[in-house]
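A short write-up of the structure that comes next.
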Amino acid sequence: MNQKSEITKKLLPVMDTMELLNGRWKIVIMTTLYLGGTMRFNEIKNSIPRITGRVLSKDLKFLESHQIVSRTVKDTSPITVEYELTEYGKTLDSVFRALTEWGIQHRKRIIRK
């Protein structure tokens, strides 16, 4: 195989991942659930500055359809809806940690200037 086809072969999984995680808020929502565990809609919304309810709802549905997030409706009065990462979603653990660590270092570097 030539170098170009090797590079393409390695890029395809990255492109698939980026297509799934594309958008401003999906990784932020997943990281919020990673850090916060099981959360209700308003808890997620209040944890993420500047996200709208409409966008949060849309992205949660998308992540649920891709088996990253689960939605549980509790038979309480009033009804309670909770969200959490699925076991599959938790396999992104190393991604969340790497993004957090890199972000901490980047903020230090940028703020220092």
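Please note that chains go A, B, ... in the order of the structure tokens, that every chain numbers its residues from 1, and that ligands are numbered from 1 in the order shown.
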Per-residue nearest contacts range 81-103 of chain A to range 41-52 of chain A, cut-off 9 Å, using only C-alpha atoms, as a Markdown table:
| residue | atom | partner | partner_atom | distance |
| --- | --- | --- | --- | --- |
| A:Val81 | CA | A:Phe41 | CA | 7.2 |
| A:Glu82 | CA | A:Phe41 | CA | 6.9 |
| A:Tyr83 | CA | A:Phe41 | CA | 7.3 |
Mind dumping the selected residues with N, CA and C atoms as a short mmCIF file (atom, residue, chain, number, x, y, z; two decimals), in the first residue's frame?
data_model
loop_
_atom_site.label_atom_id
_atom_site.label_comp_id
_atom_site.auth_asym_id
_atom_site.auth_seq_id
_atom_site.Cartn_x
_atom_site.Cartn_y
_atom_site.Cartn_z
N VAL A 81 -37.43 12.97 34.21
CA VAL A 81 -36.65 12.42 33.09
C VAL A 81 -35.18 12.63 33.41
N GLU A 82 -34.41 11.56 33.36
CA GLU A 82 -32.98 11.63 33.66
C GLU A 82 -32.17 11.16 32.46
N TYR A 83 -30.99 11.75 32.33
CA TYR A 83 -30.06 11.40 31.26
C TYR A 83 -28.74 10.96 31.88
#
I'd like to know which residues of chain A are strand (DSSP E or B) (by DSSP, run on the backbone); could you write them as a ChimeraX atom specification? /A:39-40,69-74,80-85
Hey, can you check how far CA of Val69 in chain A sits from CA of Met30 in chain A?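 Result for CA of Val69 in chain A versus CA of Met30 in chain A: 7.8 Å, one decimal.
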Could you give me the residues within chain A that DSSP places in helix (DSSP H, G or I), as a PyMOL selection string? chain A and resi 3-21+26-36+41-47+53-65+87-90+93-112
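Residues in contact range of His66 in chain A, defined as at most 12 Å between only C-alpha atoms, with sequence neighbours fewer than 3 positions away removed, read Thr17, Glu19, Leu20, Leu21, Lys26, Asp59, Leu60, Lys61, Phe62, Leu63, Val69, Ser70, Leu85, Thr86, Tyr88 and Gly89 of chain A.
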Kindly indicate which residue among A:Thr80, A:Lys9, A:Gln3, A:Gly53 lies nearest to Arg40 in chain A, using only C-alpha atoms for the distances. A:Thr80
Dump as a Markdown table the rows for residues of range 10-75 of chain A within 9 Å of range 94-113 of chain A: closest atom pair and distance in Å with one decimal, only C-alpha atoms counted, ordered by chain and rising residue number.
| residue | atom | partner | partner_atom | distance |
| --- | --- | --- | --- | --- |
| A:Ile27 | CA | A:Phe96 | CA | 8.2 |
| A:Met30 | CA | A:Phe96 | CA | 8.4 |
| A:Thr31 | CA | A:Phe96 | CA | 6.1 |
| A:Tyr34 | CA | A:Phe96 | CA | 7.9 |
